[in-house]
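Some notes on the structure that comes next.
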Amino acid sequence: MGKYIVAGNWKMNKLPSETYNYVKEVVEATKGSKCEVVCCTPFVCLAPAIEAAKGSHVKIGAENLHFEDKGAFTGEVSADMLRDMGVEYVIIGHSERRQYNNETDETVNLKTKKALEKGLIPIVCVGETLEQREAGITMDLIAIQIKKAFAGIPAADAKKVIIAYEPIWAIGTGKTATSDQAEEVCGGIRKVIAELYCEKCAPEFTIQYGGSMKPSNAAELMSKPDIDGGLIGGASLVAADFAAITKAVE
Ligand code: PGA
């Protein structure tokens, strides 16, 4: 299926002063991994992260960006600013930003288009709440999130977008989706992509699972045909755990 990518999402953890040494640790620990390894860090940690990853296989990503090029947006960070620093990836539409920062399917679409225009690789997050899962509307909801995120994006660009399926009830809760539950939705996402673009190119998209992925469940989850890696929160904060997840890709 798609290219395997394991990305850490540090969230609001780790200090700028800890970042250089920690990323160096990640570089050492993930040597020989058979997947792309990415650390997505808070804005203030990006500079030391990039410095530490320089010349290595580890890529650095941000956790958000603004969809406008520049202007009067106090506290915001643009795609050009990220590119200028050497950032390569950016997480868009994480459920925490949807919940706490008014991120919507519309802003996710605008941000995804801006990231692509500026040469950043977007990691677009989708996922359902426990209530939505119990109401039996998971796949309908995810299909809408995907269709809105990809609106107006041509096939050639769309393939660069990484999709992260993150059931909200599994994030930071220790409750992982079973590999069958995760595969069902990731396979469903691939079908939506096939509908939007083409049958033939859908297998080329990278679809990650995220939500309490850890060394003990990573291999099982990533052995599923439609799961091409992971977006890792808690377990990305300990280099040995993060590395073990990257090594679970076979
Ligand atoms: P978690 O977070 O691994 O701590 O559940 C995943 C994420 O939010 O990306």
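FYI, nothing fancy with the structure tokens labels: chains A, B, ... in order, residues from 1 per chain, ligands from 1 as they appear.
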### Query
Once you count only C-alpha atoms and all ligand atoms, which residues end up within 10 Å of ligand 1, and could you hand them over as a ChimeraX atom specification?
/A:7-11,40,63,91,94-96,125,164-176,209-214,230-237
Output C-alpha atoms for every residue in that selection, as a PDB file, in the first residue's frame.
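And here's again_35.pdb as it stands now:
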ATOM      1  CA  ALA A   7       5.236  10.317  12.947  1.00  0.00           C
ATOM      2  CA  GLY A   8       5.482  11.524  16.516  1.00  0.00           C
ATOM      3  CA  ASN A   9       3.086  14.224  17.690  1.00  0.00           C
ATOM      4  CA  TRP A  10       4.687  15.750  20.763  1.00  0.00           C
ATOM      5  CA  LYS A  11       1.739  18.063  21.490  1.00  0.00           C
ATOM      6  CA  CYS A  40       6.204  16.815  14.829  1.00  0.00           C
ATOM      7  CA  GLU A  63       1.607  20.606  14.584  1.00  0.00           C
ATOM      8  CA  ILE A  91      -0.199  18.026  11.094  1.00  0.00           C
ATOM      9  CA  HIS A  94      -5.919  17.120  14.802  1.00  0.00           C
ATOM     10  CA  SER A  95      -9.026  16.424  16.910  1.00  0.00           C
ATOM     11  CA  GLU A  96      -7.586  18.488  19.768  1.00  0.00           C
ATOM     12  CA  CYS A 125      -6.344  13.925  10.819  1.00  0.00           C
ATOM     13  CA  ALA A 164      -4.233   9.882   9.852  1.00  0.00           C
ATOM     14  CA  TYR A 165      -7.269   8.015  11.132  1.00  0.00           C
ATOM     15  CA  GLU A 166      -7.499   8.810  14.840  1.00  0.00           C
ATOM     16  CA  PRO A 167     -10.610   7.678  16.707  1.00  0.00           C
ATOM     17  CA  ILE A 168     -11.013  10.423  19.297  1.00  0.00           C
ATOM     18  CA  TRP A 169     -11.952   7.928  22.014  1.00  0.00           C
ATOM     19  CA  ALA A 170      -8.579   6.220  21.557  1.00  0.00           C
ATOM     20  CA  ILE A 171      -6.381   9.323  21.809  1.00  0.00           C
ATOM     21  CA  GLY A 172      -4.411   9.521  25.037  1.00  0.00           C
ATOM     22  CA  THR A 173      -6.852   7.169  26.732  1.00  0.00           C
ATOM     23  CA  GLY A 174      -4.900   3.937  26.516  1.00  0.00           C
ATOM     24  CA  LYS A 175      -7.932   2.505  24.652  1.00  0.00           C
ATOM     25  CA  THR A 176      -6.582   1.455  21.273  1.00  0.00           C
ATOM     26  CA  TYR A 209      -3.630   4.923  12.437  1.00  0.00           C
ATOM     27  CA  GLY A 210      -3.298   7.000  15.604  1.00  0.00           C
ATOM     28  CA  GLY A 211      -4.675   6.591  19.124  1.00  0.00           C
ATOM     29  CA  SER A 212      -2.717   4.935  21.912  1.00  0.00           C
ATOM     30  CA  MET A 213      -0.387   3.201  19.471  1.00  0.00           C
ATOM     31  CA  LYS A 214       2.535   1.738  21.426  1.00  0.00           C
ATOM     32  CA  GLY A 230       1.115   5.630  12.790  1.00  0.00           C
ATOM     33  CA  LEU A 231       0.676   9.039  14.343  1.00  0.00           C
ATOM     34  CA  ILE A 232       2.036   8.648  17.836  1.00  0.00           C
ATOM     35  CA  GLY A 233       1.315  10.926  20.787  1.00  0.00           C
ATOM     36  CA  GLY A 234       2.308   9.654  24.230  1.00  0.00           C
ATOM     37  CA  ALA A 235       4.689   6.955  23.011  1.00  0.00           C
ATOM     38  CA  SER A 236       6.637   9.469  20.894  1.00  0.00           C
ATOM     39  CA  LEU A 237       7.905  11.157  24.071  1.00  0.00           C
TER      40      LEU A 237
END
Which residues of stretch 154-220 of chain A have any atom within 12 Å of an atom in stretch 79-90 of chain A when counting only C-alpha atoms, and what is the closest pair of atoms for each, with the distance in Å to one decimal? Order the rows by chain and rising number and write it as JSON lines.
{"residue": "A:Lys160", "atom": "CA", "partner": "A:Tyr89", "partner_atom": "CA", "distance": 10.6}
{"residue": "A:Val161", "atom": "CA", "partner": "A:Tyr89", "partner_atom": "CA", "distance": 9.9}
{"residue": "A:Ile162", "atom": "CA", "partner": "A:Tyr89", "partner_atom": "CA", "distance": 9.6}
{"residue": "A:Ile163", "atom": "CA", "partner": "A:Val90", "partner_atom": "CA", "distance": 11.6}
{"residue": "A:Ala164", "atom": "CA", "partner": "A:Val90", "partner_atom": "CA", "distance": 11.9}
Closest pair table for stretch 81-136 of chain A residues within 12 Å of stretch 199-207 of chain A, only C-alpha atoms, as JSON lines:
{"residue": "A:Ile121", "atom": "CA", "partner": "A:Thr206", "partner_atom": "CA", "distance": 11.5}
{"residue": "A:Pro122", "atom": "CA", "partner": "A:Thr206", "partner_atom": "CA", "distance": 11.2}
{"residue": "A:Ile123", "atom": "CA", "partner": "A:Ile207", "partner_atom": "CA", "distance": 9.4}
{"residue": "A:Val124", "atom": "CA", "partner": "A:Ile207", "partner_atom": "CA", "distance": 9.6}
{"residue": "A:Cys125", "atom": "CA", "partner": "A:Ile207", "partner_atom": "CA", "distance": 9.9}
{"residue": "A:Val126", "atom": "CA", "partner": "A:Ile207", "partner_atom": "CA", "distance": 10.7}
Residue neighbourhood A:Ala149, 10 Å, only C-alpha atoms, exclusion window fewer than 5 positions, as an mmCIF file with N, CA and C atoms, in the first residue's frame:
data_model
loop_
_atom_site.group_PDB
_atom_site.id
_atom_site.type_symbol
_atom_site.label_atom_id
_atom_site.label_comp_id
_atom_site.auth_asym_id
_atom_site.auth_seq_id
_atom_site.Cartn_x
_atom_site.Cartn_y
_atom_site.Cartn_z
ATOM 1 N N ILE A 92 -2.418 18.601 10.315
ATOM 2 C CA ILE A 92 -3.565 19.494 10.084
ATOM 3 C C ILE A 92 -4.842 18.820 10.600
ATOM 4 N N GLY A 93 -5.631 19.594 11.344
ATOM 5 C CA GLY A 93 -6.943 19.108 11.752
ATOM 6 C C GLY A 93 -6.931 18.042 12.829
ATOM 7 N N THR A 104 -12.131 23.498 11.668
ATOM 8 C CA THR A 104 -13.301 22.886 11.023
ATOM 9 C C THR A 104 -12.852 22.161 9.756
ATOM 10 N N ASP A 105 -13.772 21.418 9.146
ATOM 11 C CA ASP A 105 -13.440 20.763 7.873
ATOM 12 C C ASP A 105 -13.018 21.804 6.830
ATOM 13 N N GLU A 106 -13.600 23.003 6.917
ATOM 14 C CA GLU A 106 -13.276 24.062 5.953
ATOM 15 C C GLU A 106 -11.850 24.577 6.175
ATOM 16 N N THR A 107 -11.476 24.847 7.434
ATOM 17 C CA THR A 107 -10.104 25.336 7.662
ATOM 18 C C THR A 107 -9.087 24.223 7.387
ATOM 19 N N VAL A 108 -9.487 22.991 7.628
ATOM 20 C CA VAL A 108 -8.593 21.863 7.317
ATOM 21 C C VAL A 108 -8.309 21.841 5.811
ATOM 22 N N ASN A 109 -9.336 22.064 5.019
ATOM 23 C CA ASN A 109 -9.169 22.091 3.559
ATOM 24 C C ASN A 109 -8.247 23.246 3.142
ATOM 25 N N LEU A 110 -8.488 24.438 3.699
ATOM 26 C CA LEU A 110 -7.671 25.610 3.340
ATOM 27 C C LEU A 110 -6.208 25.384 3.734
ATOM 28 N N LYS A 111 -6.004 24.824 4.921
ATOM 29 C CA LYS A 111 -4.642 24.594 5.407
ATOM 30 C C LYS A 111 -3.940 23.512 4.577
ATOM 31 N N THR A 112 -4.700 22.475 4.179
ATOM 32 C CA THR A 112 -4.112 21.398 3.378
ATOM 33 C C THR A 112 -3.666 21.953 2.023
ATOM 34 N N LYS A 113 -4.520 22.789 1.425
ATOM 35 C CA LYS A 113 -4.163 23.384 0.137
ATOM 36 C C LYS A 113 -2.949 24.294 0.269
ATOM 37 N N VAL A 124 -3.182 14.904 7.498
ATOM 38 C CA VAL A 124 -4.549 15.354 7.775
ATOM 39 C C VAL A 124 -5.255 14.336 8.678
ATOM 40 N N CYS A 125 -5.732 14.821 9.835
ATOM 41 C CA CYS A 125 -6.344 13.925 10.819
ATOM 42 C C CYS A 125 -7.867 13.903 10.693
ATOM 43 N N VAL A 126 -8.409 12.706 10.771
ATOM 44 C CA VAL A 126 -9.863 12.521 10.807
ATOM 45 C C VAL A 126 -10.177 11.526 11.919
ATOM 46 N N ALA A 143 -16.085 9.816 5.944
ATOM 47 C CA ALA A 143 -16.159 10.073 4.491
ATOM 48 C C ALA A 143 -16.357 11.566 4.245
ATOM 49 N N ILE A 144 -17.207 12.208 5.059
ATOM 50 C CA ILE A 144 -17.429 13.658 4.897
ATOM 51 C C ILE A 144 -16.140 14.419 5.225
ATOM 52 N N ILE A 163 -2.980 10.681 5.366
ATOM 53 C CA ILE A 163 -4.220 10.706 6.141
ATOM 54 C C ILE A 163 -3.971 9.957 7.449
#
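Between atom CA of A:Asp228 and atom CA of A:Asn101 the separation is 28.1 Å.
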### Residues of stretch 12-228 of chain A in strand (DSSP E or B), written as a list in words
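Strand (DSSP E or B) assignments inside stretch 12-228 of chain A correspond to Glu36, Val37, Val38, Cys39, Cys40, Val58, Lys59, Ile60, Gly61, Ala62, Tyr89, Val90, Ile91, Ile92, Ile121, Pro122, Ile123, Val124, Cys125, Val126, Ile162, Ile163, Ala164, Tyr165, Ile207, Gln208, Tyr209 and Gly210 of chain A.
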Would you kindly return, as an mmCIF file with N, CA and C atoms, in the first residue's frame, each protein, DNA or RNA residue with an atom no farther than 12 Å from any atom of A:Cys35, considering only C-alpha atoms and excluding same-chain residues fewer than 6 positions away?
data_model
loop_
_atom_site.group_PDB
_atom_site.id
_atom_site.type_symbol
_atom_site.label_atom_id
_atom_site.label_comp_id
_atom_site.auth_asym_id
_atom_site.auth_seq_id
_atom_site.Cartn_x
_atom_site.Cartn_y
_atom_site.Cartn_z
ATOM 1 N N GLY A 2 0.462 2.287 0.707
ATOM 2 C CA GLY A 2 1.249 3.531 0.674
ATOM 3 C C GLY A 2 2.609 3.361 1.333
ATOM 4 N N LYS A 3 3.411 4.407 1.210
ATOM 5 C CA LYS A 3 4.716 4.410 1.857
ATOM 6 C C LYS A 3 4.497 4.463 3.377
ATOM 7 N N TYR A 4 5.247 3.673 4.137
ATOM 8 C CA TYR A 4 5.055 3.654 5.600
ATOM 9 C C TYR A 4 5.685 4.884 6.256
ATOM 10 N N ILE A 5 4.904 5.550 7.070
ATOM 11 C CA ILE A 5 5.393 6.725 7.782
ATOM 12 C C ILE A 5 4.959 6.636 9.242
ATOM 13 N N VAL A 6 5.930 6.736 10.137
ATOM 14 C CA VAL A 6 5.614 6.801 11.567
ATOM 15 C C VAL A 6 5.996 8.199 12.044
ATOM 16 N N ALA A 7 4.998 8.937 12.541
ATOM 17 C CA ALA A 7 5.236 10.317 12.947
ATOM 18 C C ALA A 7 4.897 10.491 14.413
ATOM 19 N N HIS A 57 18.145 10.650 8.776
ATOM 20 C CA HIS A 57 16.931 10.145 8.119
ATOM 21 C C HIS A 57 15.665 10.729 8.756
ATOM 22 N N VAL A 58 15.784 11.395 9.901
ATOM 23 C CA VAL A 58 14.592 11.880 10.619
ATOM 24 C C VAL A 58 14.136 13.226 10.037
ATOM 25 N N LYS A 59 12.828 13.308 9.786
ATOM 26 C CA LYS A 59 12.250 14.540 9.247
ATOM 27 C C LYS A 59 11.484 15.269 10.358
ATOM 28 N N THR A 206 -0.807 7.116 1.695
ATOM 29 C CA THR A 206 -0.405 6.643 3.026
ATOM 30 C C THR A 206 -1.529 6.954 4.020
ATOM 31 N N MET A 222 -0.129 -2.287 12.249
ATOM 32 C CA MET A 222 0.487 -1.965 10.954
ATOM 33 C C MET A 222 0.607 -3.169 10.030
ATOM 34 N N ASP A 228 -0.768 2.161 7.011
ATOM 35 C CA ASP A 228 0.593 2.380 6.509
ATOM 36 C C ASP A 228 1.411 3.224 7.474
ATOM 37 N N GLY A 229 1.300 2.938 8.757
ATOM 38 C CA GLY A 229 2.094 3.694 9.713
ATOM 39 C C GLY A 229 1.245 4.229 10.846
ATOM 40 N N GLY A 230 1.831 5.135 11.624
ATOM 41 C CA GLY A 230 1.115 5.630 12.790
ATOM 42 C C GLY A 230 1.410 7.081 13.097
ATOM 43 N N ALA A 243 11.005 4.448 18.839
ATOM 44 C CA ALA A 243 11.842 3.656 17.936
ATOM 45 C C ALA A 243 11.273 2.243 17.774
ATOM 46 N N ALA A 244 10.772 1.685 18.862
ATOM 47 C CA ALA A 244 10.204 0.322 18.783
ATOM 48 C C ALA A 244 9.009 0.313 17.831
ATOM 49 N N ILE A 245 8.246 1.388 17.822
ATOM 50 C CA ILE A 245 7.103 1.468 16.898
ATOM 51 C C ILE A 245 7.600 1.552 15.451
ATOM 52 N N THR A 246 8.628 2.358 15.231
ATOM 53 C CA THR A 246 9.160 2.457 13.848
ATOM 54 C C THR A 246 9.710 1.096 13.397
ATOM 55 N N LYS A 247 10.233 0.329 14.346
ATOM 56 C CA LYS A 247 10.810 -0.988 13.986
ATOM 57 C C LYS A 247 9.731 -2.041 13.796
ATOM 58 N N ALA A 248 8.509 -1.720 14.239
ATOM 59 C CA ALA A 248 7.397 -2.663 14.059
ATOM 60 C C ALA A 248 6.936 -2.701 12.607
ATOM 61 N N VAL A 249 7.404 -1.761 11.800
ATOM 62 C CA VAL A 249 7.081 -1.762 10.363
ATOM 63 C C VAL A 249 7.971 -2.794 9.688
ATOM 64 N N GLU A 250 7.349 -3.809 9.133
ATOM 65 C CA GLU A 250 8.157 -4.831 8.419
ATOM 66 C C GLU A 250 7.630 -5.014 7.028
#
### Query
For A:Asp226, which residue out of A:Ala194, A:Gly61, A:Gly187, A:Asp241 is the nearest one, using only C-alpha atoms?
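Under the stated criterion, the closest residue is A:Gly187.
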## Note on the structure
Computed gap from atom CA of A:Glu51 to atom CA of A:Tyr20 is 7.2 Å
### Task
From a DSSP calculation on the backbone, collect every residue of stretch 86-248 of chain A in alpha helix (DSSP H) and output the set as an MDAnalysis selection string.
chainID A and resid 95:100 105:117 130:134 138:149 155:158 179:196 215:222 239:247
